[in-house]
file protein-v7.cif (mmCIF, C-alpha atoms)
data_protein
#
loop_
_atom_site.label_atom_id
_atom_site.label_comp_id
_atom_site.auth_asym_id
_atom_site.auth_seq_id
_atom_site.Cartn_x
_atom_site.Cartn_y
_atom_site.Cartn_z
CA MET A 1 30.55 -26.19 32.77
CA ASN A 2 29.95 -29.50 34.40
CA SER A 3 28.63 -32.49 32.58
CA ILE A 4 26.00 -34.90 33.69
CA GLU A 5 26.91 -38.49 32.83
CA ILE A 6 24.37 -40.70 31.09
CA ILE A 7 24.01 -44.44 31.66
CA MET A 8 23.17 -46.29 28.49
CA PRO A 9 22.85 -49.92 27.42
CA ALA A 10 25.24 -50.89 24.65
CA THR A 11 23.85 -50.22 21.20
CA SER A 12 25.23 -50.83 17.78
CA THR A 13 25.94 -48.05 15.31
CA ALA A 14 22.86 -47.32 13.22
CA GLU A 15 22.88 -48.11 9.53
CA LYS A 16 23.84 -45.38 7.10
CA LYS A 17 21.11 -43.56 5.26
CA SER A 18 20.08 -44.86 1.89
CA PRO A 19 21.25 -42.86 -1.15
CA SER A 20 17.72 -41.65 -1.87
CA LYS A 21 17.21 -40.36 1.66
CA LYS A 22 20.64 -38.78 1.67
CA THR A 23 19.94 -37.02 -1.64
CA ALA A 24 16.63 -35.66 -0.39
CA LEU A 25 18.29 -34.46 2.80
CA ASN A 26 21.11 -32.80 0.88
CA LYS A 27 18.55 -30.89 -1.19
CA ALA A 28 16.79 -29.73 1.98
CA VAL A 29 20.07 -28.54 3.45
CA ALA A 30 20.95 -26.77 0.20
CA ASN A 31 17.63 -24.95 0.26
CA HIS A 32 17.42 -24.14 3.96
CA GLY A 33 20.90 -24.65 5.39
CA ASP A 34 22.03 -26.77 8.35
CA LEU A 35 18.96 -25.73 10.33
CA SER A 36 16.45 -27.16 7.87
CA PRO A 37 13.62 -29.00 9.65
CA GLU A 38 14.54 -32.12 7.67
CA ARG A 39 18.14 -32.11 8.88
CA VAL A 40 17.21 -31.37 12.49
CA ALA A 41 14.66 -34.20 12.39
CA ALA A 42 17.27 -36.54 10.91
CA ILE A 43 19.72 -35.71 13.71
CA LEU A 44 17.08 -36.32 16.38
CA HIS A 45 16.12 -39.60 14.69
CA GLY A 46 19.75 -40.69 14.68
CA LEU A 47 20.08 -39.91 18.38
CA ASP A 48 16.94 -41.93 19.09
CA GLU A 49 18.38 -44.89 17.21
CA ALA A 50 21.71 -44.78 19.02
CA TYR A 51 20.58 -43.80 22.53
CA PRO A 52 16.92 -44.70 23.01
CA GLU A 53 16.89 -44.90 26.81
CA ALA A 54 19.39 -42.32 28.08
CA ILE A 55 19.04 -41.47 31.76
CA CYS A 56 20.87 -39.29 34.27
CA ALA A 57 23.66 -41.16 36.06
CA LEU A 58 23.63 -39.13 39.27
CA ASP A 59 22.26 -41.40 41.98
CA HIS A 60 19.26 -39.85 43.71
CA LYS A 61 15.96 -40.78 45.29
CA SER A 62 14.25 -37.39 45.27
CA PRO A 63 14.35 -33.99 43.58
CA TRP A 64 16.24 -32.68 46.63
CA GLU A 65 18.95 -35.31 46.31
CA LEU A 66 19.25 -34.65 42.58
CA LEU A 67 19.60 -30.92 43.21
CA VAL A 68 22.41 -31.48 45.71
CA ALA A 69 24.13 -34.06 43.49
CA THR A 70 23.98 -31.74 40.50
CA ILE A 71 25.47 -28.88 42.51
CA LEU A 72 28.29 -31.19 43.59
CA SER A 73 28.90 -32.35 40.01
CA ALA A 74 30.36 -29.01 38.93
CA GLN A 75 33.84 -29.79 37.56
CA CYS A 76 33.61 -33.25 39.07
CA THR A 77 32.74 -36.64 37.60
CA ASP A 78 29.39 -38.24 38.31
CA VAL A 79 31.23 -41.35 39.51
CA ARG A 80 32.93 -39.30 42.22
CA VAL A 81 29.68 -37.55 43.18
CA ASN A 82 27.97 -40.92 43.56
CA MET A 83 30.76 -41.92 45.96
CA VAL A 84 30.24 -38.78 48.04
CA THR A 85 26.46 -38.53 48.31
CA PRO A 86 25.56 -41.72 50.25
CA ALA A 87 27.33 -40.55 53.41
CA LEU A 88 26.16 -36.98 52.86
CA PHE A 89 22.50 -37.93 52.53
CA LYS A 90 22.69 -40.39 55.42
CA ARG A 91 23.95 -37.60 57.69
CA PHE A 92 21.76 -34.82 56.25
CA PRO A 93 18.83 -36.45 54.39
CA THR A 94 16.50 -33.44 54.06
CA PRO A 95 16.66 -29.73 53.25
CA ALA A 96 15.93 -29.03 56.93
CA ALA A 97 18.85 -31.16 58.09
CA MET A 98 21.18 -29.66 55.49
CA ALA A 99 20.20 -26.14 56.51
CA LYS A 100 21.23 -26.85 60.10
CA ALA A 101 24.52 -28.50 59.19
CA THR A 102 27.73 -26.68 59.98
CA LEU A 103 30.10 -25.79 57.18
CA PRO A 104 32.99 -27.83 58.63
CA GLU A 105 30.74 -30.91 58.69
CA LEU A 106 29.66 -30.41 55.10
CA GLU A 107 33.16 -29.60 53.91
CA SER A 108 34.51 -32.84 55.33
CA LEU A 109 31.80 -34.84 53.57
CA VAL A 110 32.14 -33.23 50.13
CA ARG A 111 35.90 -32.56 50.17
CA THR A 112 36.72 -35.13 47.46
CA ALA A 113 34.21 -33.58 45.04
CA GLY A 114 36.49 -30.56 44.59
CA PHE A 115 35.85 -26.89 45.37
CA TYR A 116 34.45 -28.26 48.61
CA ARG A 117 34.22 -24.95 50.47
CA ASN A 118 32.04 -23.31 47.84
CA LYS A 119 29.98 -26.45 47.36
CA ALA A 120 29.42 -26.80 51.11
CA LYS A 121 28.14 -23.22 51.25
CA SER A 122 25.90 -23.85 48.24
CA ILE A 123 24.21 -26.98 49.54
CA GLN A 124 23.79 -25.47 53.02
CA GLY A 125 22.30 -22.36 51.40
CA ALA A 126 20.08 -24.50 49.19
CA GLY A 127 18.67 -26.22 52.26
CA LYS A 128 17.99 -22.91 53.99
CA THR A 129 16.34 -21.33 50.94
CA ILE A 130 14.13 -24.33 50.26
CA MET A 131 13.00 -24.41 53.88
CA GLU A 132 12.50 -20.66 54.30
CA THR A 133 11.11 -19.80 50.87
CA PHE A 134 9.59 -22.95 49.42
CA GLY A 135 8.17 -24.78 52.44
CA GLY A 136 10.74 -27.57 52.34
CA LYS A 137 10.00 -28.64 48.78
CA VAL A 138 12.17 -28.24 45.69
CA PRO A 139 10.39 -25.70 43.46
CA GLN A 140 9.17 -26.83 40.07
CA THR A 141 9.72 -23.73 37.97
CA LEU A 142 12.91 -22.37 36.44
CA ALA A 143 12.31 -18.88 37.82
CA GLU A 144 12.11 -20.23 41.36
CA LEU A 145 14.87 -22.80 41.10
CA ILE A 146 17.52 -20.36 39.94
CA THR A 147 17.05 -18.41 43.19
CA VAL A 148 18.37 -21.41 45.13
CA PRO A 149 22.09 -21.16 45.98
CA GLY A 150 24.17 -23.30 43.63
CA ALA A 151 21.32 -23.80 41.17
CA ALA A 152 22.18 -21.84 38.05
CA ARG A 153 20.15 -22.30 34.88
CA LYS A 154 21.83 -25.55 33.81
CA THR A 155 21.39 -27.17 37.23
CA ALA A 156 17.78 -26.01 37.34
CA ASN A 157 17.11 -27.51 33.92
CA VAL A 158 18.57 -30.84 35.05
CA VAL A 159 16.29 -31.01 38.08
CA LEU A 160 13.21 -29.87 36.18
CA GLY A 161 13.78 -32.33 33.36
CA VAL A 162 14.84 -35.41 35.31
CA SER A 163 12.70 -35.07 38.44
CA PHE A 164 9.60 -33.36 37.09
CA GLY A 165 9.66 -34.03 33.34
CA LYS A 166 9.40 -30.30 32.70
CA ALA A 167 11.20 -28.74 29.75
CA GLU A 168 11.66 -25.05 30.46
CA GLY A 169 15.08 -24.99 28.81
CA VAL A 170 17.85 -27.15 27.38
CA VAL A 171 20.67 -28.46 29.56
CA VAL A 172 23.86 -27.17 27.97
CA ASP A 173 26.91 -28.78 29.52
CA THR A 174 30.35 -29.14 27.95
CA HIS A 175 29.23 -31.88 25.56
CA VAL A 176 25.99 -30.22 24.48
CA PHE A 177 27.80 -26.92 23.92
CA ARG A 178 30.58 -28.50 21.85
CA ILE A 179 28.59 -30.99 19.80
CA SER A 180 25.68 -28.67 19.01
CA ARG A 181 28.23 -26.28 17.52
CA ARG A 182 30.07 -29.12 15.77
CA LEU A 183 26.82 -30.24 14.14
CA GLY A 184 26.03 -26.68 13.06
CA LEU A 185 22.93 -26.46 15.22
CA ALA A 186 24.29 -23.50 17.16
CA LYS A 187 26.97 -20.85 16.81
CA GLY A 188 26.83 -19.10 20.19
CA ASP A 189 30.00 -18.65 22.19
CA THR A 190 28.36 -19.14 25.60
CA PRO A 191 26.11 -21.89 27.02
CA GLN A 192 23.31 -19.35 27.37
CA LYS A 193 23.46 -18.37 23.69
CA VAL A 194 23.65 -22.00 22.56
CA GLU A 195 20.64 -22.87 24.72
CA GLN A 196 18.56 -20.10 23.14
CA GLU A 197 19.52 -21.25 19.66
CA LEU A 198 18.63 -24.87 20.42
CA MET A 199 15.29 -23.86 21.92
CA HIS A 200 14.37 -22.26 18.59
CA ILE A 201 15.12 -25.27 16.37
CA ILE A 202 14.48 -28.34 18.54
CA PRO A 203 10.89 -29.24 19.44
CA GLN A 204 10.20 -28.60 23.10
CA ASP A 205 9.19 -32.20 23.71
CA ARG A 206 12.75 -33.17 22.75
CA TRP A 207 14.66 -30.67 24.90
CA ILE A 208 15.19 -33.13 27.74
CA SER A 209 16.11 -36.19 25.69
CA TYR A 210 18.30 -34.20 23.30
CA SER A 211 20.64 -33.18 26.12
CA HIS A 212 20.79 -36.68 27.60
CA GLN A 213 21.55 -38.23 24.21
CA ILE A 214 24.12 -35.65 23.17
CA ILE A 215 25.96 -36.01 26.49
CA HIS A 216 26.24 -39.74 25.97
CA HIS A 217 27.28 -39.21 22.35
CA GLY A 218 30.01 -36.84 23.48
CA ARG A 219 31.36 -39.29 26.04
CA LYS A 220 31.36 -42.33 23.77
CA VAL A 221 31.72 -41.20 20.16
CA CYS A 222 32.01 -37.47 19.46
CA ILE A 223 35.07 -36.99 21.64
CA ALA A 224 36.51 -33.48 21.73
CA ARG A 225 40.05 -34.06 20.50
CA LYS A 226 39.59 -37.08 18.26
CA PRO A 227 35.96 -37.86 17.39
CA LYS A 228 35.23 -41.45 16.36
CA CYS A 229 33.52 -40.42 13.14
CA HIS A 230 33.78 -43.94 11.71
CA GLU A 231 31.48 -45.12 14.53
CA CYS A 232 29.05 -42.21 14.33
CA ASN A 233 25.57 -42.70 12.90
CA LEU A 234 25.34 -38.91 12.45
CA GLU A 235 28.49 -38.76 10.31
CA GLN A 236 26.67 -38.13 7.03
CA LEU A 237 24.79 -35.26 8.68
CA CYS A 238 27.92 -33.65 10.10
CA HIS A 239 29.92 -31.02 8.22
CA SER A 240 32.46 -30.28 10.93
CA LYS A 241 35.93 -29.31 9.73
CA ASP A 242 37.59 -31.54 12.32
CA LYS A 243 35.98 -34.80 11.22
CA THR A 244 38.39 -37.72 11.34
CA TRP A 245 36.61 -39.85 8.74
CA HIS A 246 34.25 -39.28 5.79
CA SER A 247 31.92 -41.85 4.26
#
call {"tool": "encode", "arguments": {"input": "protein-v7.cif", "output": "structure tokens"}}
result
Amino acid sequence: MNSIEIIMPATSTAEKKSPSKKTALNKAVANHGDLSPERVAAILHGLDEAYPEAICALDHKSPWELLVATILSAQCTDVRVNMVTPALFKRFPTPAAMAKATLPELESLVRTAGFYRNKAKSIQGAGKTIMETFGGKVPQTLAELITVPGAARKTANVVLGVSFGKAEGVVVDTHVFRISRRLGLAKGDTPQKVEQELMHIIPQDRWISYSHQIIHHGRKVCIARKPKCHECNLEQLCHSKDKTWHS
């Protein structure tokens, strides 16, 4: 699972909940479990406080460029992708140009992004499919996007959410998968199962921002091996067994 980096301005850790609010929330959790509407709303509120303006860090100027960049980001950092794409898009700026590119040309341009042979085939195939099937335009539905080479469900959700503001699903990358389970919002053992669980408990108008915010949270605070629980404004809402600090 690749992760999409989020650029965020520095923000301070939000204040802890007051005892009265915490007591009310604890009662709601006791009555309805970790998936109580009150607890989910409190988590979303905490994310809003900590990361109010999260955006995708993959440099792009169009839905097509975002699609290609997201395909290249598989098992590769966004910083590296942003180093690769300027020369790639200068040489092959459109789906039509990419479709006509030779694989050796593409491989040489994306080599440092890792898995370059497969990625070169994917972006060449994406260009051909968009030209032949979608009239040269990136499709705006999940059902259509996942037919494009290299665009699995997660990649499609990124493009739909960032470029078109459409929430047809939840982007579940490494961070979203891990932290959603850590917070008790999901129990699934695959990204697909976790996405379905999240879609049932998180309001649809928050699907896009939730993923952006959780990704940033995972990079900065809720680190996999040693989470910075003492810096986390969701700490009182978290019941994970691997917490490193308790208030």
call {"tool": "residues_around", "arguments": {"input": "protein-v7.cif", "residues": "segment 119-121 of chain A", "least_positions_apart": "4", "cutoff": "6 Å", "atoms": "only C-alpha atoms", "output": "ChimeraX atom specification"}}
result
/A:106-107,125
call {"tool": "resolve_selection", "arguments": {"input": "protein-v7.cif", "expression": "the PyMOL selection byres ((chain A and resi 144-150) around 8)", "output": "PyMOL selection string"}}
result
chain A and resi 71+119+122-123+125-126+129-130+138-143+151-153+155-156
call {"tool": "atom_distance", "arguments": {"input": "protein-v7.cif", "atom1": "atom CA of Arg225 of chain A", "atom2": "atom CA of Arg206 of chain A"}}
result
27.4 Å
call {"tool": "resolve_selection", "arguments": {"input": "protein-v7.cif", "expression": "the PyMOL selection byres ((chain A and resi 69) around 12)", "output": "ChimeraX atom specification"}}
result
/A:2-5,56-68,70-74,76-86,88-89,110,113,119-120,122-123,126,150-151,155-156,158-159
call {"tool": "atom_distance", "arguments": {"input": "protein-v7.cif", "atom1": "atom CA of His246 of chain A", "atom2": "atom CA of Cys232 of chain A"}}
result
10.4 Å
call {"tool": "residues_around", "arguments": {"input": "protein-v7.cif", "residues": "segment 174-181 of chain A", "least_positions_apart": "5", "cutoff": "12 Å", "atoms": "only C-alpha atoms", "output": "PyMOL selection string"}}
result
chain A and resi 1-6+34-35+40+43-44+74-75+154+186-199+201-202+207-225+227+234+238-243
call {"tool": "atom_distance", "arguments": {"input": "protein-v7.cif", "atom1": "atom CA of Ser36 of chain A", "atom2": "atom CA of Leu183 of chain A"}}
result
12.5 Å
